[in-house]
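For reference, start_21.pdb (PDB, C-alpha atoms and all ligand atoms):
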```pdb
ATOM      1  CA  MET X   1      68.535  84.265  55.295  1.00  0.00           C
ATOM      2  CA  ILE X   2      70.943  82.614  57.704  1.00  0.00           C
ATOM      3  CA  GLU X   3      72.085  79.074  56.860  1.00  0.00           C
ATOM      4  CA  ALA X   4      72.831  77.016  59.953  1.00  0.00           C
ATOM      5  CA  THR X   5      73.314  73.451  61.156  1.00  0.00           C
ATOM      6  CA  LEU X   6      72.663  71.162  64.101  1.00  0.00           C
ATOM      7  CA  CYS X   7      74.388  67.850  64.789  1.00  0.00           C
ATOM      8  CA  PHE X   8      73.094  65.150  67.147  1.00  0.00           C
ATOM      9  CA  PRO X   9      75.738  62.514  68.064  1.00  0.00           C
ATOM     10  CA  LEU X  10      74.150  59.290  69.364  1.00  0.00           C
ATOM     11  CA  ARG X  11      75.598  56.406  71.366  1.00  0.00           C
ATOM     12  CA  ASP X  12      74.435  53.359  73.274  1.00  0.00           C
ATOM     13  CA  GLY X  13      74.487  54.595  76.837  1.00  0.00           C
ATOM     14  CA  GLU X  14      74.367  52.923  80.197  1.00  0.00           C
ATOM     15  CA  THR X  15      71.024  54.322  81.256  1.00  0.00           C
ATOM     16  CA  GLY X  16      68.753  51.585  79.939  1.00  0.00           C
ATOM     17  CA  ALA X  17      67.620  48.546  81.840  1.00  0.00           C
ATOM     18  CA  ASP X  18      70.492  46.231  82.685  1.00  0.00           C
ATOM     19  CA  PRO X  19      69.540  42.807  81.308  1.00  0.00           C
ATOM     20  CA  ALA X  20      71.676  41.092  83.968  1.00  0.00           C
ATOM     21  CA  THR X  21      69.782  42.589  86.905  1.00  0.00           C
ATOM     22  CA  ASP X  22      66.537  43.887  85.397  1.00  0.00           C
ATOM     23  CA  ALA X  23      65.594  41.047  83.065  1.00  0.00           C
ATOM     24  CA  ASP X  24      61.876  41.687  83.427  1.00  0.00           C
ATOM     25  CA  LEU X  25      62.297  45.420  82.761  1.00  0.00           C
ATOM     26  CA  ALA X  26      64.347  45.090  79.604  1.00  0.00           C
ATOM     27  CA  THR X  27      62.014  45.769  76.706  1.00  0.00           C
ATOM     28  CA  ASP X  28      62.839  46.135  73.044  1.00  0.00           C
ATOM     29  CA  ASP X  29      62.740  49.907  73.050  1.00  0.00           C
ATOM     30  CA  GLU X  30      64.605  50.269  76.334  1.00  0.00           C
ATOM     31  CA  THR X  31      67.968  50.484  74.629  1.00  0.00           C
ATOM     32  CA  GLY X  32      69.416  53.264  76.765  1.00  0.00           C
ATOM     33  CA  ARG X  33      70.504  55.319  73.799  1.00  0.00           C
ATOM     34  CA  GLU X  34      71.920  58.734  74.563  1.00  0.00           C
ATOM     35  CA  VAL X  35      72.258  61.940  72.585  1.00  0.00           C
ATOM     36  CA  LEU X  36      74.939  64.555  73.067  1.00  0.00           C
ATOM     37  CA  LEU X  37      73.334  67.914  73.833  1.00  0.00           C
ATOM     38  CA  ILE X  38      74.958  71.189  74.765  1.00  0.00           C
ATOM     39  CA  GLU X  39      73.845  73.802  77.215  1.00  0.00           C
ATOM     40  CA  LYS X  40      74.455  76.911  75.167  1.00  0.00           C
ATOM     41  CA  ARG X  41      76.495  79.490  77.020  1.00  0.00           C
ATOM     42  CA  ARG X  42      76.162  82.457  74.664  1.00  0.00           C
ATOM     43  CA  GLY X  43      74.425  83.797  71.562  1.00  0.00           C
ATOM     44  CA  LEU X  44      71.061  82.729  70.206  1.00  0.00           C
ATOM     45  CA  GLY X  45      69.358  80.251  72.550  1.00  0.00           C
ATOM     46  CA  GLU X  46      71.701  81.044  75.462  1.00  0.00           C
ATOM     47  CA  GLY X  47      70.884  78.974  78.561  1.00  0.00           C
ATOM     48  CA  TRP X  48      68.901  76.412  76.560  1.00  0.00           C
ATOM     49  CA  TYR X  49      69.815  72.902  75.492  1.00  0.00           C
ATOM     50  CA  ASN X  50      70.429  72.177  71.825  1.00  0.00           C
ATOM     51  CA  GLY X  51      72.595  70.043  69.595  1.00  0.00           C
ATOM     52  CA  PRO X  52      76.045  71.368  68.705  1.00  0.00           C
ATOM     53  CA  GLY X  53      75.850  73.560  65.615  1.00  0.00           C
ATOM     54  CA  GLY X  54      75.817  77.091  64.312  1.00  0.00           C
ATOM     55  CA  LYS X  55      75.936  79.335  61.291  1.00  0.00           C
ATOM     56  CA  CYS X  56      77.601  78.278  58.056  1.00  0.00           C
ATOM     57  CA  GLU X  57      80.637  80.254  56.938  1.00  0.00           C
ATOM     58  CA  PRO X  58      80.988  81.488  53.355  1.00  0.00           C
ATOM     59  CA  GLY X  59      82.098  78.703  51.007  1.00  0.00           C
ATOM     60  CA  GLU X  60      81.394  75.991  53.548  1.00  0.00           C
ATOM     61  CA  THR X  61      78.941  73.156  52.921  1.00  0.00           C
ATOM     62  CA  PRO X  62      76.370  72.536  55.665  1.00  0.00           C
ATOM     63  CA  ARG X  63      77.991  69.184  56.397  1.00  0.00           C
ATOM     64  CA  GLU X  64      81.407  70.844  56.806  1.00  0.00           C
ATOM     65  CA  CYS X  65      79.787  73.440  59.045  1.00  0.00           C
ATOM     66  CA  ALA X  66      78.200  70.810  61.306  1.00  0.00           C
ATOM     67  CA  ILE X  67      81.567  69.046  61.649  1.00  0.00           C
ATOM     68  CA  ARG X  68      83.428  72.303  62.391  1.00  0.00           C
ATOM     69  CA  GLU X  69      80.848  73.591  64.873  1.00  0.00           C
ATOM     70  CA  THR X  70      80.800  70.290  66.778  1.00  0.00           C
ATOM     71  CA  ARG X  71      84.607  70.357  66.952  1.00  0.00           C
ATOM     72  CA  GLU X  72      84.689  74.010  68.092  1.00  0.00           C
ATOM     73  CA  GLU X  73      81.898  73.735  70.641  1.00  0.00           C
ATOM     74  CA  VAL X  74      82.622  70.385  72.289  1.00  0.00           C
ATOM     75  CA  GLY X  75      85.880  69.069  70.791  1.00  0.00           C
ATOM     76  CA  LEU X  76      84.290  66.017  69.177  1.00  0.00           C
ATOM     77  CA  GLU X  77      85.327  64.845  65.668  1.00  0.00           C
ATOM     78  CA  VAL X  78      82.099  63.669  64.040  1.00  0.00           C
ATOM     79  CA  ARG X  79      82.007  61.590  60.851  1.00  0.00           C
ATOM     80  CA  ASP X  80      79.475  59.921  58.566  1.00  0.00           C
ATOM     81  CA  LEU X  81      76.785  62.497  59.241  1.00  0.00           C
ATOM     82  CA  GLU X  82      73.331  61.432  58.125  1.00  0.00           C
ATOM     83  CA  LYS X  83      70.997  64.181  57.030  1.00  0.00           C
ATOM     84  CA  ALA X  84      67.933  64.049  59.278  1.00  0.00           C
ATOM     85  CA  GLY X  85      66.114  67.291  58.667  1.00  0.00           C
ATOM     86  CA  GLU X  86      65.691  70.632  57.015  1.00  0.00           C
ATOM     87  CA  LEU X  87      64.017  73.244  59.181  1.00  0.00           C
ATOM     88  CA  ARG X  88      62.939  76.645  57.977  1.00  0.00           C
ATOM     89  CA  PHE X  89      62.435  79.284  60.673  1.00  0.00           C
ATOM     90  CA  LEU X  90      60.341  82.336  59.820  1.00  0.00           C
ATOM     91  CA  LEU X  91      60.237  85.475  61.939  1.00  0.00           C
ATOM     92  CA  ASP X  92      57.256  87.801  61.421  1.00  0.00           C
ATOM     93  CA  GLY X  93      56.543  86.235  58.035  1.00  0.00           C
ATOM     94  CA  GLU X  94      60.092  86.554  56.726  1.00  0.00           C
ATOM     95  CA  ALA X  95      62.586  83.739  56.177  1.00  0.00           C
ATOM     96  CA  HIS X  96      65.071  83.949  59.061  1.00  0.00           C
ATOM     97  CA  THR X  97      67.141  80.734  59.230  1.00  0.00           C
ATOM     98  CA  PHE X  98      67.410  77.542  57.201  1.00  0.00           C
ATOM     99  CA  CYS X  99      68.788  74.828  59.443  1.00  0.00           C
ATOM    100  CA  HIS X 100      70.274  71.504  58.247  1.00  0.00           C
ATOM    101  CA  VAL X 101      69.959  68.773  60.876  1.00  0.00           C
ATOM    102  CA  TYR X 102      72.304  65.779  61.074  1.00  0.00           C
ATOM    103  CA  ARG X 103      72.780  62.785  63.319  1.00  0.00           C
ATOM    104  CA  THR X 104      75.704  60.433  63.634  1.00  0.00           C
ATOM    105  CA  ARG X 105      76.866  57.413  65.586  1.00  0.00           C
ATOM    106  CA  SER X 106      80.426  57.914  64.441  1.00  0.00           C
ATOM    107  CA  PHE X 107      82.767  60.239  66.327  1.00  0.00           C
ATOM    108  CA  GLU X 108      86.109  60.426  68.064  1.00  0.00           C
ATOM    109  CA  GLY X 109      87.126  62.141  71.273  1.00  0.00           C
ATOM    110  CA  GLU X 110      85.504  63.090  74.552  1.00  0.00           C
ATOM    111  CA  PRO X 111      83.034  65.968  74.711  1.00  0.00           C
ATOM    112  CA  THR X 112      84.664  68.903  76.466  1.00  0.00           C
ATOM    113  CA  ALA X 113      83.166  72.206  77.567  1.00  0.00           C
ATOM    114  CA  SER X 114      84.077  75.383  75.700  1.00  0.00           C
ATOM    115  CA  GLU X 115      83.221  79.066  76.170  1.00  0.00           C
ATOM    116  CA  GLU X 116      80.213  78.460  73.934  1.00  0.00           C
ATOM    117  CA  ALA X 117      78.839  75.182  75.213  1.00  0.00           C
ATOM    118  CA  ALA X 118      78.669  72.677  78.076  1.00  0.00           C
ATOM    119  CA  PRO X 119      78.151  69.166  76.657  1.00  0.00           C
ATOM    120  CA  GLU X 120      76.010  66.479  78.301  1.00  0.00           C
ATOM    121  CA  TRP X 121      75.021  62.937  77.262  1.00  0.00           C
ATOM    122  CA  VAL X 122      71.256  62.675  77.797  1.00  0.00           C
ATOM    123  CA  PRO X 123      69.010  59.584  77.469  1.00  0.00           C
ATOM    124  CA  VAL X 124      66.947  59.980  74.277  1.00  0.00           C
ATOM    125  CA  ASP X 125      63.767  59.385  76.274  1.00  0.00           C
ATOM    126  CA  ASP X 126      64.697  62.066  78.803  1.00  0.00           C
ATOM    127  CA  VAL X 127      65.523  65.040  76.596  1.00  0.00           C
ATOM    128  CA  PRO X 128      64.812  68.310  78.500  1.00  0.00           C
ATOM    129  CA  TYR X 129      62.296  69.776  76.040  1.00  0.00           C
ATOM    130  CA  ASP X 130      61.158  72.321  78.648  1.00  0.00           C
ATOM    131  CA  ARG X 131      64.636  73.863  78.417  1.00  0.00           C
ATOM    132  CA  MET X 132      64.843  73.942  74.623  1.00  0.00           C
ATOM    133  CA  TRP X 133      63.375  75.897  71.717  1.00  0.00           C
ATOM    134  CA  ASP X 134      59.564  75.414  71.746  1.00  0.00           C
ATOM    135  CA  ASP X 135      59.475  73.718  68.340  1.00  0.00           C
ATOM    136  CA  ASP X 136      62.063  71.045  69.246  1.00  0.00           C
ATOM    137  CA  ARG X 137      59.551  68.759  70.990  1.00  0.00           C
ATOM    138  CA  LEU X 138      57.762  68.451  67.628  1.00  0.00           C
ATOM    139  CA  TRP X 139      60.639  67.253  65.480  1.00  0.00           C
ATOM    140  CA  LEU X 140      63.568  66.130  67.657  1.00  0.00           C
ATOM    141  CA  PRO X 141      61.983  62.903  69.015  1.00  0.00           C
ATOM    142  CA  GLY X 142      61.471  61.627  65.443  1.00  0.00           C
ATOM    143  CA  VAL X 143      64.970  62.676  64.408  1.00  0.00           C
ATOM    144  CA  LEU X 144      66.419  60.742  67.363  1.00  0.00           C
ATOM    145  CA  GLU X 145      64.395  57.692  66.258  1.00  0.00           C
ATOM    146  CA  GLY X 146      65.943  57.797  62.786  1.00  0.00           C
ATOM    147  CA  LYS X 147      63.223  59.599  60.874  1.00  0.00           C
ATOM    148  CA  THR X 148      63.675  62.398  58.362  1.00  0.00           C
ATOM    149  CA  VAL X 149      61.789  65.666  58.708  1.00  0.00           C
ATOM    150  CA  ALA X 150      61.139  68.799  56.682  1.00  0.00           C
ATOM    151  CA  GLY X 151      59.449  71.602  58.561  1.00  0.00           C
ATOM    152  CA  GLU X 152      58.546  75.237  58.632  1.00  0.00           C
ATOM    153  CA  PHE X 153      58.257  76.973  62.006  1.00  0.00           C
ATOM    154  CA  ARG X 154      56.801  80.441  62.345  1.00  0.00           C
ATOM    155  CA  PHE X 155      57.760  82.841  65.100  1.00  0.00           C
ATOM    156  CA  GLU X 156      56.304  86.287  65.812  1.00  0.00           C
ATOM    157  CA  GLY X 157      57.263  89.192  68.009  1.00  0.00           C
ATOM    158  CA  GLY X 158      60.388  90.730  66.528  1.00  0.00           C
ATOM    159  CA  THR X 159      64.055  90.047  66.786  1.00  0.00           C
ATOM    160  CA  PRO X 160      65.912  88.246  68.339  1.00  0.00           C
ATOM    161  CA  LEU X 161      64.403  84.942  67.257  1.00  0.00           C
ATOM    162  CA  ASP X 162      64.852  83.339  70.679  1.00  0.00           C
ATOM    163  CA  GLU X 163      62.628  85.987  72.304  1.00  0.00           C
ATOM    164  CA  ALA X 164      59.853  85.706  69.695  1.00  0.00           C
ATOM    165  CA  ASP X 165      56.760  83.508  70.202  1.00  0.00           C
ATOM    166  CA  PHE X 166      56.470  80.191  68.377  1.00  0.00           C
ATOM    167  CA  VAL X 167      53.030  80.410  66.741  1.00  0.00           C
ATOM    168  CA  ASP X 168      52.585  77.879  63.990  1.00  0.00           C
ATOM    169  CA  HIS X 169      54.220  75.094  61.983  1.00  0.00           C
ATOM    170  CA  GLU X 170      53.998  72.609  59.117  1.00  0.00           C
ATOM    171  CA  MET X 171      55.948  69.397  59.120  1.00  0.00           C
ATOM    172  CA  ALA X 172      56.423  66.389  56.842  1.00  0.00           C
ATOM    173  CA  TRP X 173      58.078  63.125  57.923  1.00  0.00           C
ATOM    174  CA  ASP X 174      60.118  60.813  55.733  1.00  0.00           C
ATOM    175  CA  ALA X 175      60.790  63.808  53.556  1.00  0.00           C
ATOM    176  CA  SER X 176      63.383  63.439  50.857  1.00  0.00           C
ATOM    177  CA  LEU X 177      65.977  66.077  51.617  1.00  0.00           C
ATOM    178  CA  GLU X 178      67.851  67.973  48.977  1.00  0.00           C
ATOM    179  CA  GLY X 179      71.465  67.150  48.357  1.00  0.00           C
ATOM    180  CA  ASP X 180      71.703  64.187  50.649  1.00  0.00           C
ATOM    181  CA  GLN X 181      72.469  60.832  49.132  1.00  0.00           C
ATOM    182  CA  ASP X 182      73.640  59.136  52.314  1.00  0.00           C
ATOM    183  CA  GLU X 183      72.665  55.585  52.960  1.00  0.00           C
ATOM    184  CA  LYS X 184      70.021  55.092  55.595  1.00  0.00           C
ATOM    185  CA  ARG X 185      71.352  53.581  58.764  1.00  0.00           C
ATOM    186  CA  SER X 186      69.522  52.027  61.645  1.00  0.00           C
ATOM    187  CA  TYR X 187      69.251  54.315  64.671  1.00  0.00           C
TER     188      TYR X 187
HETATM  189  N1  LIG V 201      67.015  73.290  68.153  1.00  0.00           N
HETATM  190  C1  LIG V 201      66.789  74.450  67.567  1.00  0.00           C
HETATM  191  N2  LIG V 201      67.831  75.140  67.080  1.00  0.00           N
HETATM  192  C2  LIG V 201      67.553  76.316  66.514  1.00  0.00           C
HETATM  193  C3  LIG V 201      66.266  76.852  66.401  1.00  0.00           C
HETATM  194  N3  LIG V 201      66.358  78.057  65.756  1.00  0.00           N
HETATM  195  C4  LIG V 201      67.671  78.252  65.498  1.00  0.00           C
HETATM  196  O1  LIG V 201      68.172  79.231  64.932  1.00  0.00           O
HETATM  197  N4  LIG V 201      68.412  77.188  65.957  1.00  0.00           N
HETATM  198  C5  LIG V 201      69.846  76.935  65.893  1.00  0.00           C
HETATM  199  C6  LIG V 201      70.477  77.094  64.561  1.00  0.00           C
HETATM  200  C7  LIG V 201      71.928  77.311  64.973  1.00  0.00           C
HETATM  201  O2  LIG V 201      72.581  76.065  65.157  1.00  0.00           O
HETATM  202  C8  LIG V 201      71.828  77.998  66.324  1.00  0.00           C
HETATM  203  C9  LIG V 201      72.047  79.492  66.242  1.00  0.00           C
HETATM  204  O3  LIG V 201      73.268  79.746  65.641  1.00  0.00           O
HETATM  205  P1  LIG V 201      74.580  80.157  66.439  1.00  0.00           P
HETATM  206  O4  LIG V 201      74.801  79.228  67.562  1.00  0.00           O
HETATM  207  O5  LIG V 201      75.675  80.302  65.474  1.00  0.00           O
HETATM  208  O6  LIG V 201      74.085  81.543  66.941  1.00  0.00           O
HETATM  209  P2  LIG V 201      74.963  82.603  67.658  1.00  0.00           P
HETATM  210  O7  LIG V 201      74.160  83.862  67.676  1.00  0.00           O
HETATM  211  O8  LIG V 201      75.418  82.014  68.962  1.00  0.00           O
HETATM  212  O9  LIG V 201      76.164  82.755  66.623  1.00  0.00           O
HETATM  213  P3  LIG V 201      77.723  82.981  66.846  1.00  0.00           P
HETATM  214  O10 LIG V 201      77.852  84.436  67.094  1.00  0.00           O
HETATM  215  O11 LIG V 201      78.159  82.110  68.009  1.00  0.00           O
HETATM  216  O12 LIG V 201      78.280  82.510  65.518  1.00  0.00           O
HETATM  217  O13 LIG V 201      70.507  77.779  66.789  1.00  0.00           O
HETATM  218  C10 LIG V 201      65.196  76.108  66.911  1.00  0.00           C
HETATM  219  O14 LIG V 201      64.021  76.501  66.855  1.00  0.00           O
HETATM  220  N5  LIG V 201      65.508  74.907  67.480  1.00  0.00           N
END
```

What would the structure in this file look like if it were written as C-alpha cells?
Ligand SMILES: Nc1nc2c([nH]c(=O)n2[C@H]2C[C@H](O)[C@@H](COP(=O)(O)OP(=O)(O)OP(=O)(O)O)O2)c(=O)[nH]1
Amino acid sequence: MIEATLCFPLRDGETGADPATDADLATDDETGREVLLIEKRRGLGEGWYNGPGGKCEPGETPRECAIRETREEVGLEVRDLEKAGELRFLLDGEAHTFCHVYRTRSFEGEPTASEEAAPEWVPVDDVPYDRMWDDDRLWLPGVLEGKTVAGEFRFEGGTPLDEADFVDHEMAWDASLEGDQDEKRSY
C-alpha cells in the first residue's frame, strides 16, 4: 500500500467582508480565510485541484514527507503541522493508499509554481470541489474548519485510481489519529 500525505496551509485572506465598508455584511463566520491549493500538473490527479503532497519516501515520517512535498511543489516552508485526517483509499476492494492529512497556519515564503504544481490561494468557502477528487467534498470542508477525520473511500474500475469510480465511504469525525500528539489549535 502506498503511504502519502496532503498539506493544507491556511491564512487569513482578503476575500471576506471588509468591516470598514461592509459593516452590515460582516458576520462571525465571514472571516475570509484562504487555503493554498495546487492545480496538479502531472501524475495522479493531473488537472485537478488538491493540497500539496505526495508519496512518502523510505525512512521518512509522514510529517517530514508533507513538509518536503510542499517545499518541492510550491516552494513553501511549512511548520507546526497539525494532523487533521487519515484517509484510506481502496481500489477494487484492495488497500491502495493511506493518506495522512495535515493543516497549518505557519509557513514561510511565497507559493511558486513548479513543474508539478500551480499554487493558488482559494477562499475556504469557495473551494472548487467540482475540479477535485470526488471524495474531497465529504471531508475537506470539515478539515478546513479544524475538525479531525478518519475515513475509508472505496473506488472501483481498475487502475489508475484517478480514473476509477468513487462508490462508497465510511467516515468518522473527531477521530483520534494515531501518532499525533499535537496540541489542538483554533482554525
Ligand atoms: N485530495 C485527495 N487526494 C488524494 C486522493 N487519492 C489520492 O491518492 N490522493 C493524493 C495522495 C497524494 O498526495 C497524491 C498522489 O501522490 P503523488 O502526487 O505523489 O502521485 P504521483 O503519481 O504524481 O507521484 P510522483 O510520481 O509525482 O511521485 O494524491 C483523493 O481521493 N483525494

request  = For the point (81.1, 72.3, 68.9) in the file's frame, write as a ChimeraX atom specification all residues with an atom no more than 12 Å away, counting only C-alpha atoms.
outcome  = /X:5-9,36-41,50-55,65-78,110-119

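The shortest atom-to-atom distance to X:Ser176, with all atoms listed in the file taken into account, belongs to X:Gly151 out of X:Pro160, X:Gly151, X:Pro58, X:Pro123.
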
Output the residue selection produced by the PyMOL selection byres (((chain X and resi 146) around 12) and not hetatm) on the file above, formatted as a list in words.
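Taken on the displayed file, the PyMOL selection byres (((chain X and resi 146) around 12) and not hetatm) yields the residues Phe8, Leu10, Glu82, Lys83, Ala84, Gly85, Val101, Tyr102, Arg103, Thr104, Arg105, Val124, Trp139, Leu140, Pro141, Gly142, Val143, Leu144, Glu145, Lys147, Thr148, Val149, Trp173, Asp174, Lys184, Arg185, Ser186 and Tyr187 of chain X.
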
Name the closest residue to ligand LIG 201 (chain V) among the candidates X:Arg63, X:Arg11, X:Arg33, X:Arg154; distances are taken between atoms, counting only C-alpha atoms and all ligand atoms.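 The closest residue to ligand LIG 201 (chain V) is X:Arg154.
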
Taking all atoms of ligand LIG 201 (chain V) that the file lists and extending 4 Å past them on each side, where is the centre of the axis-aligned box and how long are its edges? Answer in Å to one decimal, as JSON.
```
{"center_x": 71.2, "center_y": 78.9, "center_z": 66.8, "size_x": 22.3, "size_y": 19.1, "size_z": 12.4}
```

Atom CA of X:Glu170 to atom CA of X:Trp121 measures 29.4 Å

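If you measure from each of X:Trp133, X:Trp48, X:Phe98, X:Phe107 to ligand LIG 201 (chain V) using only C-alpha atoms and all ligand atoms, the closest one turns out to be X:Trp133.
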
Might you spell out which residues the PyMOL selection byres (((chain X and resi 92) around 7) and not hetatm) would select in the displayed file, as an mmCIF file with C-alpha atoms, keeping the file's coordinate frame?
```cif
data_model
loop_
_atom_site.group_PDB
_atom_site.id
_atom_site.type_symbol
_atom_site.label_atom_id
_atom_site.label_comp_id
_atom_site.auth_asym_id
_atom_site.auth_seq_id
_atom_site.Cartn_x
_atom_site.Cartn_y
_atom_site.Cartn_z
ATOM 1 C CA LEU X 90 60.341 82.336 59.820
ATOM 2 C CA LEU X 91 60.237 85.475 61.939
ATOM 3 C CA GLY X 93 56.543 86.235 58.035
ATOM 4 C CA GLU X 94 60.092 86.554 56.726
ATOM 5 C CA PHE X 155 57.760 82.841 65.100
ATOM 6 C CA GLU X 156 56.304 86.287 65.812
ATOM 7 C CA GLY X 157 57.263 89.192 68.009
ATOM 8 C CA GLY X 158 60.388 90.730 66.528
#
```

Quiz item: atom C10 of ligand LIG 201 (chain V) to atom CA of X:Glu108: how many Å, to one decimal?
Solution: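 Atom-to-atom, atom C10 of ligand LIG 201 (chain V) to atom CA of X:Glu108, that is 26.2 Å.
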
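Distances from X:Ser106, X:Leu177, X:Pro62, X:His100 to X:Asp80 were compared using all atoms listed in the file, and the smallest one belongs to X:Ser106.
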
In Å and to one decimal, atom CA of X:Glu178 is distant from atom C6 of ligand LIG 201 (chain V) by 18.2 Å

Judged by all atoms listed in the file, the minimum distance to ligand LIG 201 (chain V) among X:Leu81, X:Leu161, X:Glu120, X:Asp130 is found for X:Leu161
